[in-house]
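Below: the structure, in structure tokens.
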There are 2 protein chains.
Amino acid sequence: MLGMTLDADGPGPEVGFLKGHGTGNDFVLIPDLEGDLTLSPAQVRAICDRHAGIGADGILRVVRTALVEEARLMAGEAAYFMDHRNADGSLAQMCGNGARLFAHYLRLAGLETADEFAIATRGGCRAVAVEPDGRITIDMGTATTPLARAMPVVEAGGHAWPAVGVLVPNPHAVVFVDDLADAGDLRTAPVVAPAAVFPDGVNVEFVVVHAPDHVSMRVHERGVGQTQACGTGACAVAWAVAQQSAVDDHGSGRPGAVRVDMPGGTVEVRLASDGRLLLCGPAVIVARGTCRLPARCEPDL
Amino acid sequence: MLGMTLDADGPGPEVGFLKGHGTGNDFVLIPDLEGDLTLSPAQVRAICDRHAGIGADGILRVVRTALVEEARLMAGEAAYFMDHRNADGSLAQMCGNGARLFAHYLRLAGLETADEFAIATRGGCRAVAVEPDGRITIDMGTATTPLARAMPVVEAGGHAWPAVGVLVPNPHAVVFVDDLADAGDLRTAPVVAPAAVFPDGVNVEFVVVHAPDHVSMRVHERGVGQTQACGTGACAVAWAVAQQSAVDDHGSGRPGAVRVDMPGGTVEVRLASDGRLLLCGPAVIVARGTCRLPARCEPDL
């Protein structure tokens, strides 16, 4: 309990928030349309603390794109910028599950009224579509393979498997297994070798293929541990499954979409003919409230 | 993501809540003064889910004692009943950290105005005092020793130690160690033998004594795992430390109070001359909000 902590009856500025999640990947969403807030890493950690704070995997601050120096070039395309912070206070690039929640909020709040619009993120502008059933689809871009040609090998749960390396653009090692339980306790990071294939570390997905268009997966996210869901991981898995189907069937059996079941819920990854991966899934707001930001008594990192 | 989940835009009844904690032991507090709510175990689990819900160690429902069948006999002494549920949906008896938060709320909301009052819990009526510095003191009752005479032995982190058995009235095994790190990774339960000493399982505290009136501890709570703080555990530790001091100094050095540092914060346990243990510590409300209860689509357990 070192550093700053949240106190709703303390002297800090009051802010409104929403808590929500996309397939179990949860966020505190803070509307700050006029860009009045500056969130320090210590404040982010205090809010995301699961015992002494509100608790979340990260924060999504909603701000007009035109007011954000780093995003101003996207202002013509996307009205709102997703200022995404990780629970450890660091800046985040892009997260498919978070982007769905962000887009869901924009629609619910009436800030976007069309079924298709764009959002600005540190990973660039992203096209969003609100499906008739309320699910949200996010254009996750294209997948590529690591530069290193070596086939990575993943060890976990006393087993070893060859893996498929995929960049979305963050790094993933996709492992096809017979049983998701074979990966054992994913609170410990799987060992991936050779390390040179993924110089910045890697997320590891363990996948059971039920059909060419339906898989189940578990994931270990680098620096986090086992998580309930990973949007880019689901895209990496769908891409690897489609590549596999293309090889098996000489291209004829390549699925147009892959259903990916994760511990936190199910998403669908659509494989566009131009290579783009479209992530479609639910987003839910579970609560609305107010808190007071802790005073900025610590220097920013 | 099986069973019911929270949706702030769903059809369920809207309820107001507060989130707060006592030394990192966190709760969703739901004011329900007139007893309008019936919370099913599935609803409790949905609210306490740390990813798909608000997230907490448990729920504290605030209701007038006179309206609660099981608590009606306490209505003359305590105006409000603490309906405490564990995150798994089960009924809880009494929790020192939760009771502080509950009492703190009653004062903040103006439902109690005196500095000393009583609250009704499933563990009986408890005397509460609001200290001048805002900390809350709860009368935790007296400690006793297990009926079995065998000295328990605790194994953890590759070490084994003799332990002191204490009932507050829930069971604790207190282990004095040279270094808190010696207990290793407490995500795994320590092994306590002989099992007959604690037929209902046991919470295990590892303690480093800095002085007769100042200790640090880590705790593994039965059925939960490593936690940030444990109110009855702190009381058990203080009692065991005082017993030890009484033996060492023939009673002359018995401290009147013991400061107990835990990962989630610090409490003070006062040892009254009649044997009662008074737990004094902070309670903080971090956020206020509203959510909608999930529809009761599952049968109660």
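Each chain in the structure tokens gets a letter, A, B and so on, in the order shown; residues start at 1 in every chain, and ligands are counted from 1 in the order they appear.
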
- request: Return as a count of residues only the residues belonging to chain B that are within 8 Å of chain A, counting only C-alpha atoms.
  value: 31

Check: Can you list every residue in stretch 187-244 of chain B that DSSP puts in alpha helix (DSSP H), as a VMD selection string?
Finding: chain B and resid 231 to 244

Report task. Give the strand (DSSP E or B) residues of stretch 9-255 of chain B, as DSSP finds them on the backbone, and put them as a ChimeraX atom specification. Result -> /B:14-22,25-31,58-64,80-86,91,116-121,124-130,136-142,144,153-156,159-162,164-167,171-176,191-193,203-211,214-221,225-227

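If you measure from each of B:Ala114, B:Ala99, B:Leu37, B:Leu180 to B:Gly12 using only C-alpha atoms, the closest one turns out to be B:Leu37.
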
Point to revise | Residue neighbourhood B:Pro152, 8 Å, only C-alpha atoms, exclusion window fewer than 6 positions, as a PyMOL selection string | key: chain B and resi 162-165+173+192-194+197

Worksheet entry | Close residues, A:Ala42 itself excluded, 7 Å, only C-alpha atoms, min 2 positions apart in chain, as a PyMOL selection string | chain A and resi 4+40+44-46+89+298

Discussion item. Residues within 7 Å of B:Phe176, please, as a PyMOL selection string. Count only C-alpha atoms; anything in the same chain fewer than 5 positions from it doesn't count.
Written reply: chain B and resi 206-208

Atoms kept (N, CA, C and O atoms) for selection, written as a JSON list (two decimals), in the first residue's frame:
[["chain", "number", "residue", "atom", "x", "y", "z"],
["B", 206, "PHE", "N", 2.37, -16.02, 8.74],
["B", 206, "PHE", "CA", 3.83, -16.05, 8.93],
["B", 206, "PHE", "C", 4.22, -14.69, 9.49],
["B", 206, "PHE", "O", 3.85, -13.64, 8.93],
["B", 207, "VAL", "N", 4.96, -14.70, 10.59],
["B", 207, "VAL", "CA", 5.18, -13.48, 11.36],
["B", 207, "VAL", "C", 6.66, -13.26, 11.65],
["B", 207, "VAL", "O", 7.37, -14.19, 12.05],
["B", 208, "VAL", "N", 7.12, -12.03, 11.43],
["B", 208, "VAL", "CA", 8.44, -11.60, 11.89],
["B", 208, "VAL", "C", 8.21, -10.60, 13.03],
["B", 208, "VAL", "O", 7.45, -9.64, 12.86]]

Next item on the list: Name all residues at most 10 Å from A:Ala189 (count only C-alpha atoms; drop same-chain ones fewer than 4 positions away) and give them as an MDAnalysis selection string.
Entry: chainID A and resid 155:156 185 202:204 220:226

For those residues, write all heavy atoms to a file as an mmCIF file, in the first residue's frame.
data_model
loop_
_atom_site.group_PDB
_atom_site.id
_atom_site.type_symbol
_atom_site.label_atom_id
_atom_site.label_comp_id
_atom_site.auth_asym_id
_atom_site.auth_seq_id
_atom_site.Cartn_x
_atom_site.Cartn_y
_atom_site.Cartn_z
ATOM 1 N N GLU A 155 7.699 -24.331 -24.668
ATOM 2 C CA GLU A 155 7.624 -25.337 -23.602
ATOM 3 C C GLU A 155 6.702 -24.839 -22.500
ATOM 4 O O GLU A 155 6.849 -23.716 -22.008
ATOM 5 C CB GLU A 155 9.001 -25.578 -22.995
ATOM 6 C CG GLU A 155 9.933 -26.430 -23.851
ATOM 7 C CD GLU A 155 11.266 -26.641 -23.153
ATOM 8 O OE1 GLU A 155 11.260 -26.934 -21.941
ATOM 9 O OE2 GLU A 155 12.302 -26.481 -23.826
ATOM 10 N N ALA A 156 5.750 -25.687 -22.104
ATOM 11 C CA ALA A 156 4.840 -25.344 -20.995
ATOM 12 C C ALA A 156 4.209 -26.630 -20.482
ATOM 13 O O ALA A 156 3.972 -27.561 -21.262
ATOM 14 C CB ALA A 156 3.759 -24.371 -21.459
ATOM 15 N N ASP A 185 -0.196 -24.785 -15.846
ATOM 16 C CA ASP A 185 -0.479 -23.559 -15.094
ATOM 17 C C ASP A 185 0.179 -22.368 -15.783
ATOM 18 O O ASP A 185 1.380 -22.180 -15.704
ATOM 19 C CB ASP A 185 0.065 -23.727 -13.673
ATOM 20 C CG ASP A 185 -0.235 -22.520 -12.797
ATOM 21 O OD1 ASP A 185 -0.723 -21.492 -13.309
ATOM 22 O OD2 ASP A 185 0.032 -22.616 -11.594
ATOM 23 N N VAL A 202 7.023 -12.249 -26.110
ATOM 24 C CA VAL A 202 5.970 -12.773 -26.974
ATOM 25 C C VAL A 202 4.769 -13.211 -26.131
ATOM 26 O O VAL A 202 4.912 -13.650 -24.986
ATOM 27 C CB VAL A 202 6.523 -13.948 -27.809
ATOM 28 C CG1 VAL A 202 6.926 -15.128 -26.917
ATOM 29 C CG2 VAL A 202 5.535 -14.399 -28.881
ATOM 30 N N ASN A 203 3.584 -13.052 -26.700
ATOM 31 C CA ASN A 203 2.371 -13.626 -26.137
ATOM 32 C C ASN A 203 2.239 -15.039 -26.690
ATOM 33 O O ASN A 203 2.524 -15.259 -27.871
ATOM 34 C CB ASN A 203 1.144 -12.807 -26.553
ATOM 35 C CG ASN A 203 1.304 -11.338 -26.211
ATOM 36 O OD1 ASN A 203 1.245 -10.962 -25.056
ATOM 37 N ND2 ASN A 203 1.522 -10.502 -27.225
ATOM 38 N N VAL A 204 1.791 -15.974 -25.883
ATOM 39 C CA VAL A 204 1.688 -17.358 -26.343
ATOM 40 C C VAL A 204 0.232 -17.820 -26.279
ATOM 41 O O VAL A 204 -0.416 -17.703 -25.236
ATOM 42 C CB VAL A 204 2.572 -18.294 -25.499
ATOM 43 C CG1 VAL A 204 2.508 -19.717 -26.041
ATOM 44 C CG2 VAL A 204 4.016 -17.797 -25.470
ATOM 45 N N HIS A 220 -1.187 -16.710 -22.624
ATOM 46 C CA HIS A 220 -0.296 -16.083 -21.641
ATOM 47 C C HIS A 220 0.209 -14.791 -22.271
ATOM 48 O O HIS A 220 0.887 -14.823 -23.295
ATOM 49 C CB HIS A 220 0.886 -16.990 -21.286
ATOM 50 C CG HIS A 220 1.791 -16.374 -20.244
ATOM 51 N ND1 HIS A 220 2.758 -15.444 -20.545
ATOM 52 C CD2 HIS A 220 1.838 -16.538 -18.908
ATOM 53 C CE1 HIS A 220 3.363 -15.068 -19.433
ATOM 54 N NE2 HIS A 220 2.835 -15.712 -18.433
ATOM 55 N N GLU A 221 -0.149 -13.637 -21.690
ATOM 56 C CA GLU A 221 0.296 -12.350 -22.234
ATOM 57 C C GLU A 221 1.602 -11.933 -21.564
ATOM 58 O O GLU A 221 1.715 -11.981 -20.340
ATOM 59 C CB GLU A 221 -0.789 -11.292 -22.034
ATOM 60 C CG GLU A 221 -2.023 -11.574 -22.882
ATOM 61 C CD GLU A 221 -2.976 -10.376 -22.938
ATOM 62 O OE1 GLU A 221 -2.530 -9.270 -23.267
ATOM 63 O OE2 GLU A 221 -4.168 -10.575 -22.647
ATOM 64 N N ARG A 222 2.547 -11.518 -22.389
ATOM 65 C CA ARG A 222 3.863 -11.111 -21.867
ATOM 66 C C ARG A 222 3.691 -10.002 -20.843
ATOM 67 O O ARG A 222 2.943 -9.043 -21.072
ATOM 68 C CB ARG A 222 4.784 -10.651 -23.001
ATOM 69 C CG ARG A 222 4.220 -9.518 -23.809
ATOM 70 C CD ARG A 222 5.164 -9.013 -24.895
ATOM 71 N NE ARG A 222 4.429 -8.079 -25.745
ATOM 72 C CZ ARG A 222 4.959 -7.319 -26.668
ATOM 73 N NH1 ARG A 222 6.253 -7.387 -26.909
ATOM 74 N NH2 ARG A 222 4.221 -6.497 -27.391
ATOM 75 N N GLY A 223 4.366 -10.141 -19.732
ATOM 76 C CA GLY A 223 4.331 -9.108 -18.705
ATOM 77 C C GLY A 223 3.063 -9.076 -17.871
ATOM 78 O O GLY A 223 2.952 -8.280 -16.950
ATOM 79 N N VAL A 224 2.083 -9.918 -18.203
ATOM 80 C CA VAL A 224 0.817 -9.905 -17.480
ATOM 81 C C VAL A 224 0.547 -11.258 -16.829
ATOM 82 O O VAL A 224 0.294 -11.366 -15.640
ATOM 83 C CB VAL A 224 -0.360 -9.543 -18.404
ATOM 84 C CG1 VAL A 224 -1.646 -9.441 -17.604
ATOM 85 C CG2 VAL A 224 -0.080 -8.253 -19.151
ATOM 86 N N GLY A 225 0.610 -12.320 -17.654
ATOM 87 C CA GLY A 225 0.289 -13.657 -17.161
ATOM 88 C C GLY A 225 -0.894 -14.200 -17.933
ATOM 89 O O GLY A 225 -1.215 -13.731 -19.021
ATOM 90 N N GLN A 226 -1.537 -15.221 -17.362
ATOM 91 C CA GLN A 226 -2.712 -15.775 -18.024
ATOM 92 C C GLN A 226 -3.824 -14.744 -17.984
ATOM 93 O O GLN A 226 -4.096 -14.161 -16.948
ATOM 94 C CB GLN A 226 -3.147 -17.049 -17.310
ATOM 95 C CG GLN A 226 -4.353 -17.684 -17.956
ATOM 96 C CD GLN A 226 -4.581 -19.127 -17.508
ATOM 97 O OE1 GLN A 226 -4.799 -19.995 -18.319
ATOM 98 N NE2 GLN A 226 -4.514 -19.375 -16.226
#

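For stretch 140-147 of chain A, the list of residues within 8 Å, based on only C-alpha atoms and with local chain neighbours fewer than 5 positions off taken out, reads Gly96, Arg126, Gly165, Val166, Leu167, Val168, Pro169, Val197, Phe198, Thr232, Cys235, Ala236, Trp239, Gly275, Arg276, Leu277, Leu278 and Leu279 of chain A.
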
Q.
Between atom CA of A:Leu67 and atom CA of A:Gln93, what distance in Å does the model show, to one decimal?
A.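 Atom CA of A:Gln93 lies 18.2 Å from atom CA of A:Leu67.
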
**Q.** Atom-to-atom span, atom CA of A:Leu186 and atom CA of A:Gly157, Å
**A.**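 Atom CA of A:Gly157 lies at a distance of 8.2 Å from atom CA of A:Leu186.
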